[in-house]
>>> print(open('upload_20.tsv').read())   # TSV, C-alpha atoms
chain	number	residue	atom	x	y	z
A	1	MET	CA	-75.54	-57.96	-13.21
A	2	ASN	CA	-74.13	-55.44	-15.68
A	3	TYR	CA	-70.84	-56.60	-17.17
A	4	GLU	CA	-68.13	-54.41	-18.65
A	5	ASN	CA	-66.46	-56.98	-20.90
A	6	ILE	CA	-69.14	-59.52	-21.78
A	7	ILE	CA	-72.78	-59.59	-22.88
A	8	VAL	CA	-75.21	-62.23	-21.63
A	9	THR	CA	-78.62	-62.87	-23.20
A	10	THR	CA	-81.13	-65.67	-22.71
A	11	GLU	CA	-83.96	-67.01	-24.86
A	12	ASN	CA	-85.91	-70.27	-24.84
A	13	SER	CA	-83.66	-72.02	-22.28
A	14	ILE	CA	-80.53	-71.08	-24.25
A	15	ALA	CA	-78.03	-68.49	-23.03
A	16	ALA	CA	-75.57	-66.61	-25.23
A	17	VAL	CA	-72.37	-65.26	-23.69
A	18	THR	CA	-70.44	-62.84	-25.90
A	19	ILE	CA	-66.95	-61.63	-25.03
A	20	ASN	CA	-67.15	-57.96	-25.94
A	21	ARG	CA	-63.70	-56.37	-26.22
A	22	PRO	CA	-63.53	-55.78	-29.98
A	23	ALA	CA	-60.77	-53.15	-29.74
A	24	LYS	CA	-58.57	-55.84	-28.15
A	25	LEU	CA	-59.86	-58.63	-30.43
A	26	ASN	CA	-61.69	-59.94	-27.35
A	27	ALA	CA	-58.41	-60.76	-25.57
A	28	LEU	CA	-58.79	-62.26	-22.12
A	29	ASN	CA	-57.70	-60.10	-19.23
A	30	VAL	CA	-58.19	-60.84	-15.54
A	31	ALA	CA	-61.40	-58.79	-15.36
A	32	THR	CA	-62.93	-60.63	-18.32
A	33	ILE	CA	-62.03	-64.01	-16.84
A	34	GLN	CA	-63.71	-63.00	-13.57
A	35	GLU	CA	-66.83	-61.81	-15.43
A	36	LEU	CA	-67.01	-65.04	-17.42
A	37	HIS	CA	-66.73	-67.06	-14.22
A	38	HIS	CA	-69.58	-65.10	-12.67
A	39	ALA	CA	-71.74	-65.44	-15.78
A	40	PHE	CA	-71.20	-69.18	-16.15
A	41	ASN	CA	-71.80	-69.74	-12.44
A	42	THR	CA	-75.03	-67.72	-12.56
A	43	LEU	CA	-76.27	-69.55	-15.65
A	44	GLU	CA	-75.40	-72.91	-14.08
A	45	LEU	CA	-77.61	-72.09	-11.10
A	46	ASN	CA	-80.50	-71.07	-13.34
A	47	THR	CA	-82.49	-74.27	-13.91
A	48	GLU	CA	-84.26	-72.66	-16.87
A	49	ILE	CA	-81.00	-72.55	-18.84
A	50	ARG	CA	-80.26	-75.86	-20.56
A	51	SER	CA	-77.48	-74.86	-22.97
A	52	ILE	CA	-74.95	-72.03	-23.38
A	53	ILE	CA	-73.36	-70.60	-26.54
A	54	LEU	CA	-70.04	-68.77	-26.10
A	55	THR	CA	-68.72	-66.45	-28.81
A	56	GLY	CA	-66.80	-63.23	-29.42
A	57	SER	CA	-68.08	-59.89	-30.64
A	58	GLY	CA	-67.53	-58.89	-34.25
A	59	GLU	CA	-66.32	-61.04	-37.13
A	60	LYS	CA	-62.56	-60.97	-36.52
A	61	ALA	CA	-62.00	-62.85	-33.30
A	62	PHE	CA	-63.49	-65.34	-30.88
A	63	VAL	CA	-60.66	-64.57	-28.47
A	64	ALA	CA	-57.29	-63.57	-29.94
A	65	GLY	CA	-55.40	-64.65	-26.81
A	66	ALA	CA	-54.61	-63.38	-23.35
A	67	ASP	CA	-53.96	-59.71	-22.68
A	68	ILE	CA	-50.16	-59.87	-22.72
A	69	ALA	CA	-49.72	-56.40	-21.26
A	70	GLU	CA	-51.14	-57.67	-17.97
A	71	PHE	CA	-48.48	-60.29	-17.33
A	72	ALA	CA	-45.41	-59.23	-19.36
A	73	HIS	CA	-43.49	-58.38	-16.18
A	74	PHE	CA	-44.71	-61.19	-13.91
A	75	SER	CA	-42.35	-63.20	-11.73
A	76	VAL	CA	-42.18	-67.02	-11.69
A	77	GLU	CA	-44.56	-67.15	-8.74
A	78	GLU	CA	-46.98	-64.66	-10.30
A	79	GLY	CA	-46.99	-66.57	-13.58
A	80	ALA	CA	-47.82	-69.86	-11.86
A	81	GLN	CA	-50.55	-68.16	-9.85
A	82	LEU	CA	-52.02	-66.62	-13.02
A	83	ALA	CA	-52.30	-70.07	-14.64
A	84	ALA	CA	-53.65	-71.76	-11.51
A	85	GLN	CA	-56.32	-69.15	-10.88
A	86	GLY	CA	-57.36	-68.97	-14.51
A	87	GLN	CA	-57.71	-72.73	-14.78
A	88	GLU	CA	-59.71	-72.94	-11.57
A	89	ILE	CA	-62.19	-70.14	-12.11
A	90	LEU	CA	-62.73	-70.40	-15.87
A	91	PHE	CA	-61.19	-73.16	-17.99
A	92	ASP	CA	-61.65	-76.14	-15.65
A	93	PHE	CA	-64.85	-74.52	-14.39
A	94	VAL	CA	-66.38	-74.48	-17.88
A	95	GLU	CA	-65.31	-78.06	-18.59
A	96	LYS	CA	-66.97	-79.26	-15.37
A	97	LEU	CA	-70.25	-77.38	-15.87
A	98	LYS	CA	-73.42	-79.45	-15.81
A	99	THR	CA	-74.81	-77.24	-18.58
A	100	PRO	CA	-73.34	-77.89	-22.07
A	101	VAL	CA	-71.33	-75.03	-23.55
A	102	ILE	CA	-70.98	-74.63	-27.33
A	103	ALA	CA	-68.07	-72.52	-28.57
A	104	ALA	CA	-69.06	-70.51	-31.64
A	105	ILE	CA	-65.60	-69.68	-32.99
A	106	ASN	CA	-66.23	-66.61	-35.11
A	107	GLY	CA	-62.64	-65.70	-36.01
A	108	PHE	CA	-59.20	-65.94	-34.41
A	109	ALA	CA	-59.00	-68.34	-31.46
A	110	LEU	CA	-55.41	-68.08	-30.32
A	111	GLY	CA	-53.64	-68.92	-27.08
A	112	GLY	CA	-56.08	-68.51	-24.22
A	113	GLY	CA	-58.86	-68.15	-26.79
A	114	LEU	CA	-58.28	-71.62	-28.20
A	115	GLU	CA	-57.83	-72.96	-24.67
A	116	LEU	CA	-61.24	-71.51	-23.76
A	117	ALA	CA	-62.83	-73.06	-26.85
A	118	MET	CA	-61.27	-76.42	-25.97
A	119	ALA	CA	-62.71	-76.21	-22.45
A	120	CYS	CA	-66.18	-76.00	-24.02
A	121	HIS	CA	-68.05	-79.21	-24.75
A	122	ILE	CA	-68.71	-78.66	-28.47
A	123	ARG	CA	-66.88	-76.43	-30.96
A	124	VAL	CA	-68.25	-74.93	-34.18
A	125	ALA	CA	-66.03	-72.75	-36.36
A	126	ALA	CA	-66.87	-70.10	-38.91
A	127	ASP	CA	-65.17	-70.78	-42.22
A	128	ASN	CA	-62.85	-67.79	-41.70
A	129	ALA	CA	-61.66	-68.93	-38.25
A	130	LYS	CA	-58.00	-69.57	-37.49
A	131	MET	CA	-56.75	-71.40	-34.41
A	132	GLY	CA	-53.42	-71.86	-32.70
A	133	LEU	CA	-51.34	-71.86	-29.54
A	134	PRO	CA	-48.54	-69.35	-30.26
A	135	GLU	CA	-47.23	-69.08	-26.70
A	136	VAL	CA	-43.73	-70.48	-27.37
A	137	SER	CA	-43.12	-67.54	-29.74
A	138	LEU	CA	-43.43	-65.36	-26.62
A	139	GLY	CA	-41.09	-67.47	-24.53
A	140	VAL	CA	-43.85	-69.16	-22.54
A	141	ILE	CA	-46.12	-72.19	-22.93
A	142	PRO	CA	-49.92	-72.57	-22.95
A	143	GLY	CA	-50.96	-72.13	-19.32
A	144	TYR	CA	-54.72	-72.49	-19.38
A	145	GLY	CA	-54.87	-76.22	-20.10
A	146	GLY	CA	-53.72	-76.12	-23.72
A	147	THR	CA	-50.95	-78.70	-23.34
A	148	GLN	CA	-53.51	-81.12	-21.89
A	149	ARG	CA	-56.72	-80.59	-23.86
A	150	LEU	CA	-55.19	-80.22	-27.33
A	151	PRO	CA	-53.60	-83.72	-27.28
A	152	GLN	CA	-56.87	-85.13	-25.93
A	153	LEU	CA	-58.70	-83.72	-28.93
A	154	ILE	CA	-56.25	-84.20	-31.81
A	155	GLY	CA	-53.55	-86.59	-30.56
A	156	LYS	CA	-50.07	-86.06	-29.15
A	157	GLY	CA	-48.15	-85.71	-32.42
A	158	ARG	CA	-50.40	-83.12	-34.02
A	159	ALA	CA	-50.71	-81.22	-30.73
A	160	LEU	CA	-46.94	-81.02	-30.32
A	161	GLU	CA	-46.55	-79.76	-33.87
A	162	MET	CA	-49.09	-76.99	-33.30
A	163	ILE	CA	-47.58	-76.01	-29.95
A	164	LEU	CA	-43.89	-76.20	-30.95
A	165	THR	CA	-44.26	-74.38	-34.28
A	166	ALA	CA	-46.64	-71.76	-32.77
A	167	GLY	CA	-48.51	-72.01	-36.05
A	168	MET	CA	-52.16	-71.45	-36.87
A	169	VAL	CA	-54.53	-73.86	-38.56
A	170	SER	CA	-57.50	-72.96	-40.73
A	171	ALA	CA	-61.05	-73.92	-39.85
A	172	GLN	CA	-60.88	-76.61	-42.53
A	173	GLU	CA	-57.71	-78.13	-41.05
A	174	ALA	CA	-59.16	-77.86	-37.53
A	175	TYR	CA	-62.15	-79.87	-38.70
A	176	ARG	CA	-59.95	-82.44	-40.42
A	177	ILE	CA	-57.93	-83.14	-37.28
A	178	GLY	CA	-60.94	-83.17	-34.97
A	179	LEU	CA	-60.36	-79.86	-33.20
A	180	VAL	CA	-63.81	-78.58	-34.17
A	181	ASN	CA	-67.06	-80.46	-34.73
A	182	HIS	CA	-68.38	-78.39	-37.65
A	183	ILE	CA	-67.49	-75.59	-40.08
A	184	VAL	CA	-70.19	-73.20	-41.28
A	185	PRO	CA	-70.27	-69.84	-43.07
A	186	GLN	CA	-69.73	-66.89	-40.74
A	187	THR	CA	-73.28	-65.64	-41.33
A	188	GLU	CA	-74.76	-68.98	-40.27
A	189	LEU	CA	-72.57	-69.62	-37.21
A	190	LEU	CA	-74.91	-68.57	-34.41
A	191	SER	CA	-78.03	-70.05	-36.00
A	192	PHE	CA	-76.19	-73.36	-36.49
A	193	CYS	CA	-75.08	-73.35	-32.84
A	194	ASN	CA	-78.63	-72.56	-31.80
A	195	GLY	CA	-79.74	-75.62	-33.74
A	196	ILE	CA	-77.35	-77.81	-31.73
A	197	ALA	CA	-78.48	-76.16	-28.51
A	198	ASN	CA	-82.13	-76.79	-29.36
A	199	ASN	CA	-81.37	-80.47	-29.96
A	200	ILE	CA	-79.67	-80.60	-26.56
A	201	ILE	CA	-82.47	-78.97	-24.57
A	202	LYS	CA	-84.98	-81.57	-25.74
A	203	ASN	CA	-83.19	-84.12	-23.57
A	204	SER	CA	-82.89	-84.72	-19.84
A	205	PRO	CA	-80.61	-82.09	-18.26
A	206	LEU	CA	-79.80	-84.48	-15.42
A	207	ALA	CA	-78.77	-87.23	-17.82
A	208	ILE	CA	-76.73	-84.74	-19.85
A	209	ALA	CA	-74.87	-83.60	-16.72
A	210	GLN	CA	-74.09	-87.18	-15.75
A	211	ALA	CA	-72.96	-88.03	-19.29
A	212	MET	CA	-70.52	-85.10	-19.39
A	213	LYS	CA	-69.20	-86.06	-15.95
A	214	ALA	CA	-68.58	-89.62	-17.13
A	215	VAL	CA	-66.83	-88.52	-20.34
A	216	ASN	CA	-64.59	-86.08	-18.44
A	217	ALA	CA	-63.64	-88.82	-15.97
A	218	ASN	CA	-61.84	-90.72	-18.72
A	219	PHE	CA	-59.26	-87.92	-18.93
A	220	LYS	CA	-58.54	-87.60	-15.20
A	221	ASP	CA	-55.47	-89.29	-13.75
A	222	GLY	CA	-56.31	-91.86	-11.13
A	223	VAL	CA	-60.00	-91.91	-12.01
A	224	ASN	CA	-61.68	-94.99	-13.48
A	225	GLY	CA	-64.03	-93.65	-16.12
A	226	TYR	CA	-65.95	-96.91	-16.31
A	227	GLU	CA	-66.68	-96.78	-12.58
A	228	THR	CA	-67.81	-93.18	-12.91
A	229	GLU	CA	-70.10	-94.21	-15.76
A	230	ILE	CA	-71.63	-97.04	-13.72
A	231	LYS	CA	-72.36	-94.74	-10.78
A	232	ALA	CA	-73.72	-91.99	-13.04
A	233	PHE	CA	-75.89	-94.52	-14.87
A	234	GLY	CA	-77.31	-95.73	-11.57
A	235	LYS	CA	-78.03	-92.20	-10.34
A	236	CYS	CA	-80.21	-91.57	-13.37
A	237	PHE	CA	-82.62	-94.30	-12.20
A	238	GLY	CA	-83.52	-92.23	-9.13
A	239	THR	CA	-84.67	-89.18	-11.09
A	240	ASN	CA	-88.05	-88.00	-12.28
A	241	ASP	CA	-86.41	-87.42	-15.66
A	242	PHE	CA	-85.77	-91.16	-15.96
A	243	ARG	CA	-89.36	-91.98	-15.06
A	244	GLU	CA	-90.64	-89.38	-17.51
A	245	GLY	CA	-88.31	-90.48	-20.31
A	246	THR	CA	-89.12	-94.17	-20.05
A	247	THR	CA	-92.85	-93.54	-19.57
A	248	ALA	CA	-92.95	-91.24	-22.59
A	249	PHE	CA	-91.15	-93.87	-24.68
A	250	LEU	CA	-93.61	-96.59	-23.67
A	251	GLU	CA	-96.56	-94.26	-24.25
A	252	LYS	CA	-95.11	-93.20	-27.63
A	253	ARG	CA	-95.07	-89.48	-26.85
A	254	LYS	CA	-92.41	-86.79	-26.44
A	255	ALA	CA	-90.86	-86.54	-23.01
A	256	ASN	CA	-91.29	-83.38	-20.94
A	257	PHE	CA	-88.15	-83.23	-18.82
A	258	LYS	CA	-88.11	-81.05	-15.69
A	259	GLY	CA	-84.54	-81.64	-14.60
A	260	ILE	CA	-85.50	-83.27	-11.32
>>> encode(input="upload_20.tsv", output="structure tokens")
Amino acid sequence: MNYENIIVTTENSIAAVTINRPAKLNALNVATIQELHHAFNTLELNTEIRSIILTGSGEKAFVAGADIAEFAHFSVEEGAQLAAQGQEILFDFVEKLKTPVIAAINGFALGGGLELAMACHIRVAADNAKMGLPEVSLGVIPGYGGTQRLPQLIGKGRALEMILTAGMVSAQEAYRIGLVNHIVPQTELLSFCNGIANNIIKNSPLAIAQAMKAVNANFKDGVNGYETEIKAFGKCFGTNDFREGTTAFLEKRKANFKGI
């Protein structure tokens, strides 16, 4: 499929999804959210793809926020629907993917942009990146999961300070508080993320999917993460990947996982 707002490329079991609206600093509008949903869904169904890297075009912004012009005149009902639909088709969707997504934060990640990065499974920031949730300065709050995922990542106190002050943090501060996994020079960002992706694709995709499901379960109300882990652990024993992995270990060779 040809996309208007994103670019999708694949190589060696790794997909790269680039949000391509440089004139708008890659701001998320409804059309871009729909395209991202379609791209992630398509890549999820492609068994050849074992890892996904998400980034923004250019060197200024990963995603500088939502496209405010689209919702500036929304009613209460329209605002709630905007958040619900966005969470369902993109932010929660990415978090629940069976394929790991690495956010390559190449510049500003603000509002919906930071919320999208937080929905990804791993975050790597360029040394020039700046992150924040400035929604309260617009008279609204983060609506794409920001009030939930930010405290999960950095703790309640720090999250409230970021949200209530509407301030930005540098890449260095984001690393210090645990918001990002790594900081690298801008020129090395994608190659570094590819290195992580290559380490991921050596492993069993079925085990990886079950591991992410178990980790996510710990943050769901009413769900016992330990029970989810036990069931996921057991499921692994019925896969060819488990047989291949254990056989390869005993035979002292590298495993060749098929994802079945």
>>> residues_around(input="upload_20.tsv", residues="Pro100 of chain A", least_positions_apart="5", cutoff="10 Å", atoms="all atoms listed in the file", output="list in words")
Glu44, Ile49, Arg50, Ser51, Ile52, Ile53, Val94, Glu95, Cys120, His121, Ile122, Ala197, Ile200, Ile201, Pro205, Ile208, Ala209 and Met212 of chain A
>>> closest_residue(input="upload_20.tsv", among="A:Pro134, A:Gly65, A:Gly222, A:Gly245", to="Lys202 of chain A", atoms="only C-alpha atoms")
A:Gly245
>>> closest_residue(input="upload_20.tsv", among="A:Ala69, A:Ala119, A:Ala27, A:Ala217", to="Leu90 of chain A", atoms="only C-alpha atoms")
A:Ala119
>>> closest_residue(input="upload_20.tsv", among="A:Thr18, A:Ser137, A:Asn224, A:Asn194", to="Glu4 of chain A", atoms="only C-alpha atoms")
A:Thr18
>>> atom_distance(input="upload_20.tsv", atom1="atom CA of Ala125 of chain A", atom2="atom CA of Val184 of chain A")
6.5 Å
>>> atom_distance(input="upload_20.tsv", atom1="atom CA of Leu250 of chain A", atom2="atom CA of Gln210 of chain A")
23.1 Å
>>> closest_residue(input="upload_20.tsv", among="A:Gly238, A:Gly79, A:Gly145, A:Gly157", to="Phe93 of chain A", atoms="all atoms listed in the file")
A:Gly145
>>> atom_distance(input="upload_20.tsv", atom1="atom CA of Glu135 of chain A", atom2="atom CA of Ile102 of chain A")
24.4 Å
>>> residues_around(input="upload_20.tsv", residues="Phe233 of chain A", least_positions_apart="3", cutoff="12 Å", atoms="all atoms listed in the file", output="count of residues only")
20
>>> closest_residue(input="upload_20.tsv", among="A:Lys98, A:Lys220, A:Lys60, A:Arg149", to="Lys130 of chain A", atoms="all atoms listed in the file")
A:Lys60
>>> closest_residue(input="upload_20.tsv", among="A:Gly146, A:Gly107, A:Gly167, A:Gly139", to="Asp92 of chain A", atoms="all atoms listed in the file")
A:Gly146
>>> residues_around(input="upload_20.tsv", residues="Ala80 of chain A", least_positions_apart="2", cutoff="12 Å", atoms="only C-alpha atoms", output="list in words")
Phe71, Phe74, Ser75, Val76, Glu77, Glu78, Leu82, Ala83, Ala84, Gln85, Gly86, Gln87, Val140, Ile141, Pro142, Gly143 and Tyr144 of chain A
>>> residues_around(input="upload_20.tsv", residues="Asn5 of chain A", least_positions_apart="4", cutoff="8 Å", atoms="only C-alpha atoms", output="MDAnalysis selection string")
chainID A and resid 19:21 31:32 35
>>> write_last_selection(input="upload_20.tsv", atoms="C-alpha atoms", output="compact mmCIF listing (two decimals), keeping the file's coordinate frame")
# COMPACT_ATOMS: atom_id res chain seq x y z
CA ILE A 19 -66.95 -61.63 -25.03
CA ASN A 20 -67.15 -57.96 -25.94
CA ARG A 21 -63.70 -56.37 -26.22
CA ALA A 31 -61.40 -58.79 -15.36
CA THR A 32 -62.93 -60.63 -18.32
CA GLU A 35 -66.83 -61.81 -15.43
>>> residues_around(input="upload_20.tsv", residues="Asp67 of chain A", least_positions_apart="3", cutoff="6 Å", atoms="only C-alpha atoms", output="PDB file with C-alpha atoms, in the coordinates of the input")
ATOM      1  CA  ALA A  27     -58.410 -60.760 -25.570  1.00  0.00           C
ATOM      2  CA  LEU A  28     -58.790 -62.260 -22.120  1.00  0.00           C
ATOM      3  CA  ASN A  29     -57.700 -60.100 -19.230  1.00  0.00           C
ATOM      4  CA  GLU A  70     -51.140 -57.670 -17.970  1.00  0.00           C
TER       5      GLU A  70
END
>>> residues_near_point(input="upload_20.tsv", point="(-71.1, -65.9, -40.4)", cutoff="9 Å", atoms="all atoms listed in the file", output="list in words")
Glu59, Asn106, Ala126, Asp127, Asn128, Val184, Pro185, Gln186, Thr187, Glu188, Leu189 and Leu190 of chain A
>>> write_last_selection(input="upload_20.tsv", atoms="C-alpha atoms", output="compact mmCIF listing (two decimals), keeping the file's coordinate frame")
# COMPACT_ATOMS: atom_id res chain seq x y z
CA GLU A 59 -66.32 -61.04 -37.13
CA ASN A 106 -66.23 -66.61 -35.11
CA ALA A 126 -66.87 -70.10 -38.91
CA ASP A 127 -65.17 -70.78 -42.22
CA ASN A 128 -62.85 -67.79 -41.70
CA VAL A 184 -70.19 -73.20 -41.28
CA PRO A 185 -70.27 -69.84 -43.07
CA GLN A 186 -69.73 -66.89 -40.74
CA THR A 187 -73.28 -65.64 -41.33
CA GLU A 188 -74.76 -68.98 -40.27
CA LEU A 189 -72.57 -69.62 -37.21
CA LEU A 190 -74.91 -68.57 -34.41
